Every structure is written in C-alpha cells, then in structure tokens.
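Data file: upload-v8.cif. Format and content: mmCIF, C-alpha atoms.
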data_start
#
loop_
_atom_site.label_atom_id
_atom_site.label_comp_id
_atom_site.auth_asym_id
_atom_site.auth_seq_id
_atom_site.Cartn_x
_atom_site.Cartn_y
_atom_site.Cartn_z
CA MET O 1 107.50 20.95 200.25
CA GLY O 2 104.99 20.24 202.99
CA LEU O 3 104.94 16.49 202.41
CA PRO O 4 102.49 14.59 204.65
CA PRO O 5 104.35 12.72 207.42
CA GLU O 6 102.69 9.43 206.50
CA LEU O 7 103.70 9.66 202.82
CA GLU O 8 105.97 6.76 201.80
CA PHE O 9 108.22 6.45 198.79
CA ARG O 10 106.72 4.30 196.03
CA THR O 11 108.31 3.24 192.76
CA LYS O 12 106.41 3.58 189.48
CA GLY O 13 105.69 -0.14 189.53
CA GLN O 14 104.27 0.07 193.06
CA LEU O 15 102.17 3.10 192.12
CA ALA O 16 100.80 1.14 189.14
CA ILE O 17 99.84 -1.69 191.50
CA ASP O 18 98.01 0.78 193.76
CA LEU O 19 96.12 2.31 190.82
CA CYS O 20 95.14 -1.05 189.34
CA ALA O 21 94.11 -2.41 192.75
CA ASP O 22 91.77 0.58 193.21
CA ALA O 23 90.39 0.06 189.69
CA TYR O 24 89.74 -3.64 190.33
CA ALA O 25 88.02 -2.76 193.61
CA ASP O 26 85.70 -0.41 191.67
CA GLY O 27 84.79 -3.20 189.25
CA LEU O 28 86.83 -1.98 186.28
CA VAL O 29 88.09 -4.69 183.93
CA PHE O 30 90.97 -4.12 181.51
CA ASP O 31 91.45 -6.09 178.31
CA VAL O 32 95.24 -5.77 178.28
CA ALA O 33 97.59 -3.74 180.49
CA CYS O 34 100.40 -2.00 178.61
CA GLY O 35 103.50 -0.18 179.82
CA ASP O 36 107.05 0.78 178.96
CA GLU O 37 110.28 -0.73 180.27
CA VAL O 38 109.90 0.86 183.72
CA TYR O 39 106.83 -1.32 184.28
CA GLY O 40 107.94 -4.33 182.26
CA ASN O 41 111.08 -4.73 184.34
CA CYS O 42 109.09 -4.59 187.61
CA THR O 43 108.74 -8.21 188.75
CA GLN O 44 106.32 -7.21 191.51
CA LEU O 45 103.94 -5.61 188.99
CA ARG O 46 104.03 -8.59 186.63
CA GLU O 47 103.27 -10.96 189.50
CA PHE O 48 100.41 -8.72 190.61
CA PHE O 49 98.86 -8.85 187.13
CA GLU O 50 99.23 -12.61 186.88
CA THR O 51 97.67 -13.10 190.33
CA HIS O 52 94.65 -11.06 189.18
CA ARG O 53 94.47 -12.87 185.81
CA GLN O 54 95.27 -9.66 183.98
CA ALA O 55 96.71 -9.96 180.47
CA TYR O 56 99.61 -7.65 179.82
CA VAL O 57 101.98 -6.55 177.05
CA LEU O 58 104.91 -4.77 178.70
CA ARG O 59 108.04 -3.40 177.08
CA VAL O 60 111.24 -4.87 178.46
CA ALA O 61 114.91 -4.14 177.95
CA SER O 62 117.04 -6.10 175.50
CA THR O 63 118.84 -7.59 178.54
CA PHE O 64 115.60 -9.04 179.99
CA MET O 65 116.04 -12.79 180.54
CA ILE O 66 113.58 -15.37 179.20
CA ASP O 67 113.49 -19.18 179.36
CA LEU O 68 113.08 -20.87 175.99
CA PRO O 69 111.33 -24.22 175.40
CA SER O 70 114.75 -25.68 174.55
CA GLY O 71 115.87 -25.07 178.13
CA ASP O 72 118.19 -22.19 177.27
CA ARG O 73 118.04 -18.97 179.27
CA LEU O 74 118.84 -16.01 177.04
CA THR O 75 118.40 -12.27 176.90
CA CYS O 76 115.71 -10.90 174.59
CA ALA O 77 118.36 -9.68 172.16
CA GLN O 78 120.05 -13.09 172.08
CA ALA O 79 116.74 -14.90 171.59
CA ALA O 80 115.76 -12.59 168.73
CA THR O 81 119.11 -13.14 167.03
CA LEU O 82 119.02 -16.91 167.51
CA LEU O 83 115.42 -17.62 166.55
CA THR O 84 114.74 -14.95 163.93
CA GLY O 85 118.00 -14.89 162.05
CA ASP O 86 116.27 -15.07 158.68
CA ASN O 87 113.31 -13.10 157.39
CA ARG O 88 111.01 -16.14 157.58
CA GLY O 89 110.52 -15.50 161.30
CA TRP O 90 109.15 -11.99 160.71
CA GLU O 91 105.68 -10.92 159.68
CA ILE O 92 104.85 -7.38 158.56
CA ARG O 93 101.76 -6.01 160.28
CA SER O 94 100.37 -2.64 161.22
CA ALA O 95 100.61 -1.42 164.80
CA GLY O 96 97.56 0.75 164.17
CA ALA O 97 96.61 3.81 162.20
CA GLY O 98 98.51 7.04 162.76
CA SER O 99 97.97 10.52 161.40
CA LYS O 100 100.08 9.65 158.35
CA GLY O 101 98.58 6.21 157.69
CA GLN O 102 99.20 2.70 158.96
CA ARG O 103 102.27 2.19 161.16
CA TRP O 104 103.96 -0.83 159.62
CA TYR O 105 106.50 -2.94 161.50
CA ALA O 106 107.93 -6.44 161.28
CA TRP O 107 106.91 -8.68 164.18
CA ALA O 108 108.22 -11.95 165.58
CA TRP O 109 106.41 -14.05 168.19
CA LEU O 110 108.63 -16.25 170.37
CA ALA O 111 107.47 -18.93 172.77
CA THR O 112 108.84 -19.47 176.28
CA THR O 113 108.72 -22.40 178.67
CA SER O 114 105.36 -21.12 179.90
CA PRO O 115 102.47 -21.58 177.45
CA ARG O 116 100.93 -18.32 178.72
CA HIS O 117 104.06 -16.17 178.33
CA HIS O 118 105.52 -15.00 175.03
CA LEU O 119 108.07 -12.53 173.75
CA LEU O 120 106.79 -10.19 171.05
CA VAL O 121 109.59 -8.54 169.07
CA ARG O 122 109.00 -5.47 166.92
CA ARG O 123 111.47 -4.46 164.21
CA HIS O 124 111.48 -1.08 162.46
CA LEU O 125 111.30 -1.58 158.71
CA ASN O 126 113.83 1.15 157.89
CA SER O 127 116.35 1.19 160.73
CA GLY O 128 115.98 -2.42 161.90
CA GLU O 129 115.72 -1.22 165.52
CA LEU O 130 114.23 -3.85 167.83
CA ALA O 131 111.72 -3.41 170.63
CA PHE O 132 110.79 -6.24 173.02
CA HIS O 133 107.43 -6.88 174.68
CA TYR O 134 106.98 -9.52 177.37
CA CYS O 135 103.41 -10.79 177.14
CA HIS O 136 101.13 -12.77 179.43
CA VAL O 137 97.63 -14.01 178.62
CA PRO O 138 95.83 -15.96 181.38
CA GLU O 139 94.39 -19.38 180.67
CA GLY O 140 90.93 -19.22 179.15
CA GLN O 141 91.55 -15.91 177.36
CA ILE O 142 92.20 -15.49 173.64
CA LEU O 143 95.89 -15.82 172.82
CA THR O 144 96.69 -14.58 169.31
CA LYS O 145 99.46 -12.55 167.77
CA THR O 146 96.87 -10.08 166.47
CA ARG O 147 95.65 -9.30 169.97
CA LEU O 148 99.17 -8.78 171.31
CA ILE O 149 100.24 -6.57 168.38
CA ARG O 150 97.12 -4.45 168.74
CA ALA O 151 97.84 -3.98 172.46
CA ALA O 152 101.49 -3.10 171.80
CA GLY O 153 100.40 -0.48 169.25
CA LEU O 154 98.01 1.20 171.70
CA ARG O 155 100.82 2.54 173.86
CA TRP O 156 101.29 5.45 171.46
CA PRO O 157 97.95 7.15 172.31
CA VAL O 158 99.02 7.10 175.96
CA GLU O 159 102.20 8.97 175.04
CA GLU O 160 100.05 11.45 173.10
CA CYS O 161 98.01 12.13 176.24
CA PHE O 162 101.16 13.18 178.11
CA GLU O 163 102.25 15.27 175.13
CA PHE O 164 98.88 17.06 175.02
CA GLY O 165 98.96 17.58 178.78
CA LYS O 166 102.43 19.12 178.68
CA ASP O 167 102.25 21.13 175.45
CA HIS O 168 98.68 22.41 175.60
CA PHE O 169 97.57 22.26 179.24
CA GLY O 170 100.73 23.11 181.16
CA LEU O 171 101.12 19.79 182.97
CA ASP O 172 104.87 20.31 183.34
CA GLN O 173 104.73 24.09 183.77
CA CYS O 174 103.70 24.36 187.41
CA GLN O 175 105.98 26.69 189.37
CA ALA O 176 104.56 25.77 192.76
CA ARG O 177 106.92 24.13 195.25
CA LEU O 178 104.51 22.82 197.85
CA TYR O 179 103.06 19.31 197.76
CA THR O 180 99.42 20.42 198.03
CA ALA O 181 99.79 23.07 195.33
CA ILE O 182 101.49 20.63 192.94
CA ALA O 183 98.75 18.04 193.54
CA ARG O 184 96.03 20.62 192.87
CA HIS O 185 97.71 21.76 189.66
CA THR O 186 98.10 18.19 188.42
CA VAL O 187 94.47 17.29 189.19
CA LEU O 188 93.11 20.43 187.49
CA VAL O 189 95.25 19.90 184.39
CA MET O 190 94.25 16.24 184.06
CA ALA O 191 90.57 17.15 184.58
CA ALA O 192 90.75 19.79 181.85
CA LEU O 193 92.50 17.34 179.54
CA ALA O 194 89.84 14.70 180.25
CA VAL O 195 87.00 17.13 179.45
CA CYS O 196 88.59 18.13 176.15
CA ALA O 197 89.51 14.53 175.23
CA VAL O 198 85.99 13.24 175.87
CA THR O 199 84.50 16.15 173.92
CA ALA O 200 86.81 15.51 170.96
CA ALA O 201 85.94 11.80 171.01
CA HIS O 202 82.21 12.53 170.94
CA LEU O 203 82.66 15.01 168.07
CA ASN O 204 85.01 12.84 166.02
CA ASP O 205 82.43 11.41 163.61
CA ARG O 206 80.52 14.70 163.33
CA THR O 207 83.54 16.87 162.52
CA ASP O 208 85.57 14.48 160.31
CA THR O 209 85.02 15.50 156.67
CA GLN O 210 88.35 14.31 155.25
CA ALA O 211 88.55 13.02 151.71
CA PRO O 212 89.02 9.23 151.42
CA PRO O 213 92.67 8.22 151.90
CA PRO O 214 94.74 7.41 148.80
CA SER O 215 94.77 3.83 147.58
CA THR O 216 97.71 4.00 145.13
CA PRO O 217 101.03 5.90 145.21
CA ASP O 218 100.22 7.79 141.97
CA GLN O 219 96.65 8.79 142.83
CA PRO O 220 95.96 12.50 142.13
CA PRO O 221 94.98 14.64 145.12
CA PRO O 222 91.28 15.37 145.71
CA PRO O 223 90.01 18.85 144.80
CA GLU O 224 88.73 19.33 148.35
CA PRO O 225 90.72 17.69 151.18
CA GLY O 226 87.98 18.29 153.77
CA LEU O 227 88.66 18.90 157.44
CA ILE O 228 90.32 16.71 160.05
CA PRO O 229 88.16 15.98 163.10
CA LEU O 230 88.43 18.34 166.03
CA THR O 231 91.50 17.43 168.07
CA VAL O 232 91.96 17.74 171.81
CA HIS O 233 93.90 20.99 171.62
CA GLU O 234 91.44 22.45 169.08
CA VAL O 235 88.61 21.78 171.53
CA LYS O 236 90.68 23.53 174.19
CA ARG O 237 91.10 26.55 171.89
CA LEU O 238 87.36 26.71 171.23
CA LEU O 239 86.56 26.62 174.95
CA ALA O 240 89.18 29.28 175.68
CA ASP O 241 87.85 31.52 172.89
CA ALA O 242 84.28 31.12 174.16
CA LEU O 243 85.36 32.31 177.61
CA HIS O 244 87.52 35.21 176.47
CA HIS O 245 85.32 36.55 173.62
CA PRO O 246 88.06 37.14 171.04
CA THR O 247 87.92 39.99 168.55
CA PRO O 248 87.22 40.41 165.74
CA PRO O 249 84.18 38.09 165.86
CA GLY O 250 84.59 34.90 163.87
CA HIS O 251 88.38 35.20 163.58
CA ALA O 252 89.06 32.10 165.70
CA THR O 253 86.52 30.02 163.75
CA ARG O 254 87.97 31.00 160.36
CA TRP O 255 91.50 30.29 161.56
CA LEU O 256 90.40 26.93 162.96
CA THR O 257 88.76 25.91 159.67
CA TRP O 258 91.82 26.91 157.65
CA ARG O 259 94.13 24.96 159.95
CA ARG O 260 92.01 21.78 159.89
CA ARG O 261 91.76 21.91 156.08
CA HIS O 262 95.51 22.44 155.76
CA GLN O 263 96.17 19.50 158.10
CA ALA O 264 93.76 17.30 156.14
CA ARG O 265 95.59 18.13 152.90
CA ALA O 266 99.00 17.48 154.47
CA ARG O 267 97.76 14.20 155.96
CA TRP O 268 96.51 13.00 152.54
CA PHE O 269 99.90 13.64 150.91
CA HIS O 270 101.73 12.01 153.82
CA GLN O 271 99.56 8.93 153.42
CA ARG O 272 100.25 8.76 149.67
CA THR O 273 104.00 9.10 150.24
CA ARG O 274 103.92 6.37 152.87
CA LEU O 275 102.00 4.08 150.50
CA ASN O 276 104.83 4.35 147.99
CA ARG O 277 107.45 3.66 150.65
CA ASP O 278 105.55 0.81 152.29
CA TYR O 279 105.01 -1.00 149.00
CA ALA O 280 108.76 -0.96 148.36
CA LEU O 281 109.50 -2.31 151.85
CA VAL O 282 106.86 -5.04 151.84
CA SER O 283 107.84 -6.34 148.44
#
Let's see the structure in the file written out as structure tokens.
Amino acid sequence: MGLPPELEFRTKGQLAIDLCADAYADGLVFDVACGDEVYGNCTQLREFFETHRQAYVLRVASTFMIDLPSGDRLTCAQAATLLTGDNRGWEIRSAGAGSKGQRWYAWAWLATTSPRHHLLVRRHLNSGELAFHYCHVPEGQILTKTRLIRAAGLRWPVEECFEFGKDHFGLDQCQARLYTAIARHTVLVMAALAVCAVTAAHLNDRTDTQAPPPSTPDQPPPPEPGLIPLTVHEVKRLLADALHHPTPPGHATRWLTWRRRHQARARWFHQRTRLNRDYALVS
C-alpha cells in the first residue's frame, strides 16, 4: 500500500485525541464533544477531555461500570433497572427535530459519585430499547438535563454526514489500493461534501417554502405543500448539471422542483401521523 515508514497504528480514540489536540491548538472551542461507544469506552479519550475541561456526552455499552452515590458499582444496565424501575424516573423529551417531526424519547438522568459525571439513559418509546450516555460537564459550566439531551440528539446529523459522503459522493467507493491515492480520494470527497453542505446551509432559509407543520392529528392537508429546502445532495446535483450542461434545457430544474414538492408533501403527512402516535404514547 505504500505506507510511510514512520506511520504508527492509532486507535479511533487516539485519532480523536490527535484531532481535538490540533483543534485546541488552533483556538477552536467545542460546546460538547459527542461520540458513539467506540469513543465512550476509550478511557484515554475521556481523561484527555477532562484534562482540557471539555464537556462530553459519549455513548457507552450497557456493561460500562459506574459508581453510584450509594457506594455500589454497577453496570449501566443494572443501574437503569435499579433506579428507574417505575415510570416516575423517566421524562419524555425530544432529541431534536427530524425530517418527520420531533424525535421523542424517554430520558432518565442518574447521578454518580462525582458531581460532574452523570449517566443519561435514553429509552425508545415503542420498543423500550435503552441507550446509555456517560456525561461530563466541567465545574463552572452549565449542567442541565436539557443541555445533555440536546448534545445526545446531535449525534444523528454526524451520521447523516457519513451517509451523504458514502451514498452521494463516493466516500466508500474508492478502488485505489495505495495509501497516497486513498488519502487523496478521501480529502477530495470530504472537500466536495463540505462545499455542498455549506452551500445548502446558506440557502436553507431562502429555499424553504414548506407549509406550516400540522398541529393536530386530524388537520386537513394544505392545498400547496411548498418545497423542502435544498439538501446537500440536491446542491451536488445542481453543481453537476451546471458542469455537464444537461439536455433538454430546464429538465433538471423541473425534476428538482417536483421532487422537493413531493418530499414536502410526504414530510407533512409523516408529521401528522407521528403527532397521532406521539399523543397516544405521551398520554
């Protein structure tokens, strides 16, 4: 593969430390660092964040051990079963807005022996599946359940970035076998994704003409659903069409408008259906 002789093996946790150390050196400040179980189970990464007074909300496995104020040392699953056996320990809150409306979950917030460390447990309202987040907020920073839930819900956009990169930009479709070629492909794909993502973000307010979301489960649909804002892959299509001069003229624009209107209509009905389901679950 042509690997450089000085290249050393690094785990994902160690790579995250390298990236964050470079960011800190450049003066970047993060509100909360988020990551999945690969990063949450990395003790070295958690210690690095705490040394740099970095708040984090990291997913951990159900077997992750925590120390409770009572002096017991339990796994996350055992702690959730012991301390949230009844529904009084759960609070239904949104993890953020998705394409089909608010993403509702039940949350429980458990204390540990450290006043700056907590276990945030998320329960799916339908399946009851549990997800565990080990949280740290340095002294002097705001420590609220709302802040931690908001951070836990922001992991989904990160997953969407990888999905966009793979499905629409060919991030996982490189057939090169040499280290330098793979690195070049990855950098070019991520640069193209960044250009399209920034463009879509700047155009979000200008291209979003969707009808107001439904407020009741029996609300009739609007006569005109409007258009969803330009998405990352729609921006990519527009740039590609501008470079390749498609024929007949205007075909790509008409197809884009039809697709965005259809998605806006489907999104409105999804939101109304979810309203009906969420009301039944919350009550």
Which value, in Å to one decimal, gives the distance between atom CA of Asp208 of chain O and atom CA of Ile228 of chain O?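 Atom-to-atom, atom CA of Asp208 of chain O and atom CA of Ile228 of chain O are spaced 5.3 Å apart.
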Within 12 Å of Ile142 of chain O using only C-alpha atoms, minus same-chain residues under 6 positions, as number ranges by chain: O: 31-32, 55, 116, 136, 148
For the PyMOL selection byres ((chain O and resi 15-25) around 9), applied here, can you spell out every residue it catches as number ranges by chain? O: 10-14, 26-30, 39, 44-45, 48-49, 52
Quick one: pull the distance between atom CA of Asn126 of chain O and atom CA of Ala77 of chain O, Å, one decimal.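 Between these atoms lies a distance of 18.5 Å.
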Determine the residue membership of the PyMOL selection byres ((chain O and resi 61) around 10) for the file above and supply it as a PDB file with C-alpha atoms, in the frame of the given file.
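Output below, filename selection25.pdb:
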ATOM      1  CA  ASP O  36     107.050   0.780 178.960  1.00  0.00           C
ATOM      2  CA  GLU O  37     110.280  -0.730 180.270  1.00  0.00           C
ATOM      3  CA  VAL O  38     109.900   0.860 183.720  1.00  0.00           C
ATOM      4  CA  GLY O  40     107.940  -4.330 182.260  1.00  0.00           C
ATOM      5  CA  ASN O  41     111.080  -4.730 184.340  1.00  0.00           C
ATOM      6  CA  ARG O  59     108.040  -3.400 177.080  1.00  0.00           C
ATOM      7  CA  VAL O  60     111.240  -4.870 178.460  1.00  0.00           C
ATOM      8  CA  SER O  62     117.040  -6.100 175.500  1.00  0.00           C
ATOM      9  CA  THR O  63     118.840  -7.590 178.540  1.00  0.00           C
ATOM     10  CA  PHE O  64     115.600  -9.040 179.990  1.00  0.00           C
ATOM     11  CA  MET O  65     116.040 -12.790 180.540  1.00  0.00           C
ATOM     12  CA  THR O  75     118.400 -12.270 176.900  1.00  0.00           C
ATOM     13  CA  CYS O  76     115.710 -10.900 174.590  1.00  0.00           C
ATOM     14  CA  ALA O  77     118.360  -9.680 172.160  1.00  0.00           C
ATOM     15  CA  ALA O 131     111.720  -3.410 170.630  1.00  0.00           C
ATOM     16  CA  PHE O 132     110.790  -6.240 173.020  1.00  0.00           C
ATOM     17  CA  HIS O 133     107.430  -6.880 174.680  1.00  0.00           C
ATOM     18  CA  TYR O 134     106.980  -9.520 177.370  1.00  0.00           C
TER      19      TYR O 134
END
